[in-house]
Amino acid sequence: MTIAENLTLSPADTRQGFYDRLSEQSLAPLWEVMKGLVPPEPKPSMRAHVWRWDTVRPLALEAGVLLTAEEAERRVVVLENPAFPGQSRATDTLYSGVQLVLPGEVAPAHRHTQSALRFMLEGQGGYTAVGGERVTMGFGDFVITPSWAFHDHGNDGDDPVLWLDVLDVPIVGFFEAGFSERHNAERQPIGRPEGDAQARFGSGLLPIGATSPYGLTSPSFSYPYARSHAALQAMAAGAPLDPHHGATLKYANPLDGGWAMPTIAAWMTHLPSGFSTAPIRSTDGLIVAVAEGHGRLRIGDQTLTFGPKDVLAVPNWTWRSFEADEDCFLFVCSDRVVQEKIGLWREETR
Ligand code: GTQ
């Protein structure tokens, strides 16, 4: 018996007719979509972009006139990648925004399964409370709010406080695994003095038998800029720089030396004045917040200039290099940690 004997193809039954009949049964022909499903290499869909501080800052402050932090719950201007309007994504997999807290305001306590990081950009006296402990945030500090940990923000200073938020919202959304709830109090109760986590986990020492109260997230939820800055400066002064990374140090979980967060990899790069990095591309798209310095990013066939507090979106699998006109300190984060866990992450250098 041949296959043809079982077929009932009529002369009028075109391929399209067959596809239509497949579709009626919730079926589809692979060969029409194969190239897109298993591409020969990544074809980036996000776009390179710079959000200039001169543009973002006044608009964020304007939001402060229109509504309170309490009203907004989180008063944030979202950084939307121009390739994904309306999708609250700065890269394919990360959400980012600039949050404003005015003097005396409180962004009420809540928690969610999305992990968040803060990179402080402006203002003194801003604080975040995480898991019953407060941390005052100064310029350039990197602060984590772990998945499902209650957190509230406030500002005890005299000036507006602004910082960069990065959350794994699109990753959690992909799995449709998001949960959230509000605390019954506006500010969560504080059970430990400020600096407690720093003392236990952030001093190169650890409590014997230490585990993280935050599961897969670093128990050291604050990484002050003074330390990162000093470490990178000493590193750059002491040894030849890596041609592709300059002086780069990752924010590490002190318990295992891995990335500080389970879904967002974060690191800081220092490029001394005049230094240019050799071309590199990686499967992770980046969010870069400029802490200090002016320079240029060459990305694909584009050149983007940057200055202090600008935020850049750097597409995945696109050749990039940085040129520093002054001493630059760049905060960088990506989904690299997730890609590494599932065996996908790659980089290529020239
Ligand atoms: O501070 O908890 O930018 O829940 C977006 C969602 C910040 C926060 C954002 C959030 C937060």
# chains A, B, ... in the order shown; residues from 1 in each chain; ligands from 1
>>> residues_around(residues="stretch 128-137 of chain A", least_positions_apart="2", cutoff="6 Å", atoms="only C-alpha atoms", output="list of chain:residue names")
A:Gly126, A:Ala149, A:Phe150, A:His151, A:Asp152, A:His153, A:Pro189, A:Ile190, A:Gly191, A:Arg192, A:Glu194
>>> write_last_selection(atoms="all heavy atoms", output="mmCIF file, in the first residue's frame")
data_model
loop_
_atom_site.group_PDB
_atom_site.id
_atom_site.type_symbol
_atom_site.label_atom_id
_atom_site.label_comp_id
_atom_site.auth_asym_id
_atom_site.auth_seq_id
_atom_site.Cartn_x
_atom_site.Cartn_y
_atom_site.Cartn_z
ATOM 1 N N GLY A 126 17.628 59.400 50.347
ATOM 2 C CA GLY A 126 16.687 58.380 49.895
ATOM 3 C C GLY A 126 16.986 57.066 50.599
ATOM 4 O O GLY A 126 18.143 56.784 50.913
ATOM 5 N N ALA A 149 10.397 39.948 48.693
ATOM 6 C CA ALA A 149 10.752 40.662 49.929
ATOM 7 C C ALA A 149 9.964 41.981 49.957
ATOM 8 O O ALA A 149 9.936 42.712 48.959
ATOM 9 C CB ALA A 149 12.248 40.935 49.973
ATOM 10 N N PHE A 150 9.339 42.283 51.077
ATOM 11 C CA PHE A 150 8.651 43.560 51.214
ATOM 12 C C PHE A 150 9.660 44.702 51.075
ATOM 13 O O PHE A 150 10.785 44.607 51.579
ATOM 14 C CB PHE A 150 7.955 43.661 52.576
ATOM 15 C CG PHE A 150 6.627 42.969 52.600
ATOM 16 C CD1 PHE A 150 6.441 41.820 53.357
ATOM 17 C CD2 PHE A 150 5.559 43.474 51.856
ATOM 18 C CE1 PHE A 150 5.202 41.181 53.373
ATOM 19 C CE2 PHE A 150 4.317 42.843 51.875
ATOM 20 C CZ PHE A 150 4.147 41.689 52.621
ATOM 21 N N HIS A 151 9.259 45.749 50.382
ATOM 22 C CA HIS A 151 10.126 46.918 50.253
ATOM 23 C C HIS A 151 9.290 48.179 50.150
ATOM 24 O O HIS A 151 8.249 48.209 49.514
ATOM 25 C CB HIS A 151 11.069 46.793 49.050
ATOM 26 C CG HIS A 151 10.370 46.490 47.743
ATOM 27 N ND1 HIS A 151 9.874 45.254 47.444
ATOM 28 C CD2 HIS A 151 10.098 47.274 46.671
ATOM 29 C CE1 HIS A 151 9.318 45.274 46.240
ATOM 30 N NE2 HIS A 151 9.430 46.491 45.750
ATOM 31 N N ASP A 152 9.763 49.210 50.851
ATOM 32 C CA ASP A 152 9.181 50.544 50.726
ATOM 33 C C ASP A 152 10.329 51.526 50.582
ATOM 34 O O ASP A 152 11.444 51.266 51.017
ATOM 35 C CB ASP A 152 8.288 50.888 51.928
ATOM 36 C CG ASP A 152 8.888 50.484 53.265
ATOM 37 O OD1 ASP A 152 8.955 49.274 53.561
ATOM 38 O OD2 ASP A 152 9.326 51.391 54.003
ATOM 39 N N HIS A 153 10.036 52.646 49.918
ATOM 40 C CA HIS A 153 11.061 53.647 49.677
ATOM 41 C C HIS A 153 10.627 54.964 50.319
ATOM 42 O O HIS A 153 9.438 55.235 50.437
ATOM 43 C CB HIS A 153 11.253 53.903 48.178
ATOM 44 C CG HIS A 153 11.338 52.681 47.331
ATOM 45 N ND1 HIS A 153 12.347 51.768 47.452
ATOM 46 C CD2 HIS A 153 10.528 52.223 46.347
ATOM 47 C CE1 HIS A 153 12.154 50.800 46.554
ATOM 48 N NE2 HIS A 153 11.062 51.048 45.879
ATOM 49 N N PRO A 189 7.640 47.261 59.293
ATOM 50 C CA PRO A 189 8.364 47.399 60.557
ATOM 51 C C PRO A 189 9.853 47.101 60.368
ATOM 52 O O PRO A 189 10.220 46.217 59.594
ATOM 53 C CB PRO A 189 7.709 46.345 61.459
ATOM 54 C CG PRO A 189 6.830 45.514 60.598
ATOM 55 C CD PRO A 189 6.644 46.193 59.294
ATOM 56 N N ILE A 190 10.669 47.890 61.056
ATOM 57 C CA ILE A 190 12.121 47.725 60.952
ATOM 58 C C ILE A 190 12.599 46.904 62.154
ATOM 59 O O ILE A 190 12.343 47.255 63.299
ATOM 60 C CB ILE A 190 12.820 49.108 60.929
ATOM 61 C CG1 ILE A 190 12.371 49.907 59.688
ATOM 62 C CG2 ILE A 190 14.337 48.976 60.966
ATOM 63 C CD1 ILE A 190 12.666 49.260 58.356
ATOM 64 N N GLY A 191 13.274 45.797 61.873
ATOM 65 C CA GLY A 191 13.676 44.889 62.940
ATOM 66 C C GLY A 191 15.169 44.831 63.201
ATOM 67 O O GLY A 191 15.620 44.239 64.182
ATOM 68 N N ARG A 192 15.941 45.435 62.305
ATOM 69 C CA ARG A 192 17.403 45.409 62.462
ATOM 70 C C ARG A 192 17.966 46.793 62.193
ATOM 71 O O ARG A 192 17.405 47.551 61.402
ATOM 72 C CB ARG A 192 18.044 44.414 61.473
ATOM 73 C CG ARG A 192 17.800 42.940 61.806
ATOM 74 C CD ARG A 192 18.587 42.023 60.872
ATOM 75 N NE ARG A 192 18.261 42.277 59.469
ATOM 76 C CZ ARG A 192 17.157 41.841 58.865
ATOM 77 N NH1 ARG A 192 16.274 41.139 59.539
ATOM 78 N NH2 ARG A 192 16.936 42.116 57.606
ATOM 79 N N GLU A 194 20.324 49.801 60.682
ATOM 80 C CA GLU A 194 20.927 50.011 59.371
ATOM 81 C C GLU A 194 22.378 49.542 59.414
ATOM 82 O O GLU A 194 23.105 49.783 60.374
ATOM 83 C CB GLU A 194 20.841 51.497 58.984
ATOM 84 C CG GLU A 194 21.541 51.777 57.669
ATOM 85 C CD GLU A 194 20.973 52.940 56.872
ATOM 86 O OE1 GLU A 194 20.077 53.652 57.374
ATOM 87 O OE2 GLU A 194 21.430 53.123 55.732
#
>>> select_by_dssp(residues="stretch 52-246 of chain A", states="helix (DSSP H, G or I)", output="PyMOL selection string")
chain A and resi 53-66+69-72+169-175+196-201+225-238
>>> residues_near_ligand(ligand="ligand 1", cutoff="8 Å", atoms="only C-alpha atoms and all ligand atoms", output="list in words")
Arg74, Arg75, Val76, Val77, Val78, Tyr95, Ser96, Gly97, Val98, Gln99, Ala107, His110, Arg111, His112, Gln114, Ala116, Thr145, His151, Asp152, His153, Leu164, Asp165, Val166 and Leu167 of chain A
>>> closest_residue(among="A:Gly274, A:Pro170, A:Pro279, A:Pro315", to="A:Cys328", atoms="only C-alpha atoms")
A:Gly274
>>> atom_distance(atom1="atom CA of A:Asp327", atom2="atom CA of A:Thr91")
26.4 Å
>>> atom_distance(atom1="atom CA of A:Arg57", atom2="atom CA of A:Phe139")
15.0 Å
>>> atom_distance(atom1="atom CA of A:Arg89", atom2="atom CA of A:Arg336")
16.2 Å
>>> residues_around(residues="stretch 291-293 of chain A", least_positions_apart="2", cutoff="10 Å", atoms="only C-alpha atoms", output="ChimeraX atom specification")
/A:119-121,139-141,225,229,268-273,288-289,295,306-311,324-331
>>> select_by_dssp(residues="stretch 68-290 of chain A", states="strand (DSSP E or B)", output="PyMOL selection string")
chain A and resi 76-78+95-101+106-112+116-122+126-130+133-137+142-145+151-155+161-167+180-182+222-223+242+246-250+252+259+265-271+276+280-282+286-290
>>> closest_residue(among="A:Leu241, A:Val290, A:Trp319, A:Asn81", to="A:Arg52", atoms="only C-alpha atoms")
A:Val290
>>> closest_residue(among="A:Gly157, A:Gly104, A:Pro213, A:Pro82", to="A:Gln124", atoms="only C-alpha atoms")
A:Gly157
>>> residues_around(residues="A:Arg187", least_positions_apart="3", cutoff="8 Å", atoms="only C-alpha atoms", output="PyMOL selection string")
chain A and resi 106+108-109+152+183
>>> write_last_selection(atoms="all heavy atoms", output="JSON list (two decimals), in the first residue's frame")
[["chain", "number", "residue", "atom", "x", "y", "z"],
["A", 106, "VAL", "N", 6.63, 58.72, 50.86],
["A", 106, "VAL", "CA", 6.84, 57.29, 51.03],
["A", 106, "VAL", "C", 6.20, 56.56, 49.85],
["A", 106, "VAL", "O", 5.06, 56.83, 49.50],
["A", 106, "VAL", "CB", 6.21, 56.78, 52.34],
["A", 106, "VAL", "CG1", 6.33, 55.26, 52.45],
["A", 106, "VAL", "CG2", 6.86, 57.44, 53.55],
["A", 108, "PRO", "N", 4.75, 53.20, 49.22],
["A", 108, "PRO", "CA", 4.29, 52.24, 50.23],
["A", 108, "PRO", "C", 4.84, 50.81, 50.05],
["A", 108, "PRO", "O", 5.13, 50.39, 48.94],
["A", 108, "PRO", "CB", 2.76, 52.26, 50.09],
["A", 108, "PRO", "CG", 2.48, 52.88, 48.77],
["A", 108, "PRO", "CD", 3.63, 53.77, 48.44],
["A", 109, "ALA", "N", 4.90, 50.11, 51.20],
["A", 109, "ALA", "CA", 5.49, 48.77, 51.21],
["A", 109, "ALA", "C", 4.64, 47.78, 50.41],
["A", 109, "ALA", "O", 3.42, 47.72, 50.55],
["A", 109, "ALA", "CB", 5.63, 48.28, 52.65],
["A", 152, "ASP", "N", 9.76, 49.21, 50.85],
["A", 152, "ASP", "CA", 9.18, 50.54, 50.73],
["A", 152, "ASP", "C", 10.33, 51.53, 50.58],
["A", 152, "ASP", "O", 11.44, 51.27, 51.02],
["A", 152, "ASP", "CB", 8.29, 50.89, 51.93],
["A", 152, "ASP", "CG", 8.89, 50.48, 53.26],
["A", 152, "ASP", "OD1", 8.96, 49.27, 53.56],
["A", 152, "ASP", "OD2", 9.33, 51.39, 54.00],
["A", 183, "HIS", "N", 1.70, 45.48, 51.64],
["A", 183, "HIS", "CA", 1.84, 45.31, 53.10],
["A", 183, "HIS", "C", 0.66, 46.01, 53.74],
["A", 183, "HIS", "O", 0.12, 46.97, 53.18],
["A", 183, "HIS", "CB", 3.16, 45.94, 53.54],
["A", 183, "HIS", "CG", 3.67, 45.44, 54.86],
["A", 183, "HIS", "ND1", 3.13, 45.81, 56.05],
["A", 183, "HIS", "CD2", 4.69, 44.59, 55.14],
["A", 183, "HIS", "CE1", 3.79, 45.21, 57.03],
["A", 183, "HIS", "NE2", 4.74, 44.46, 56.50]]
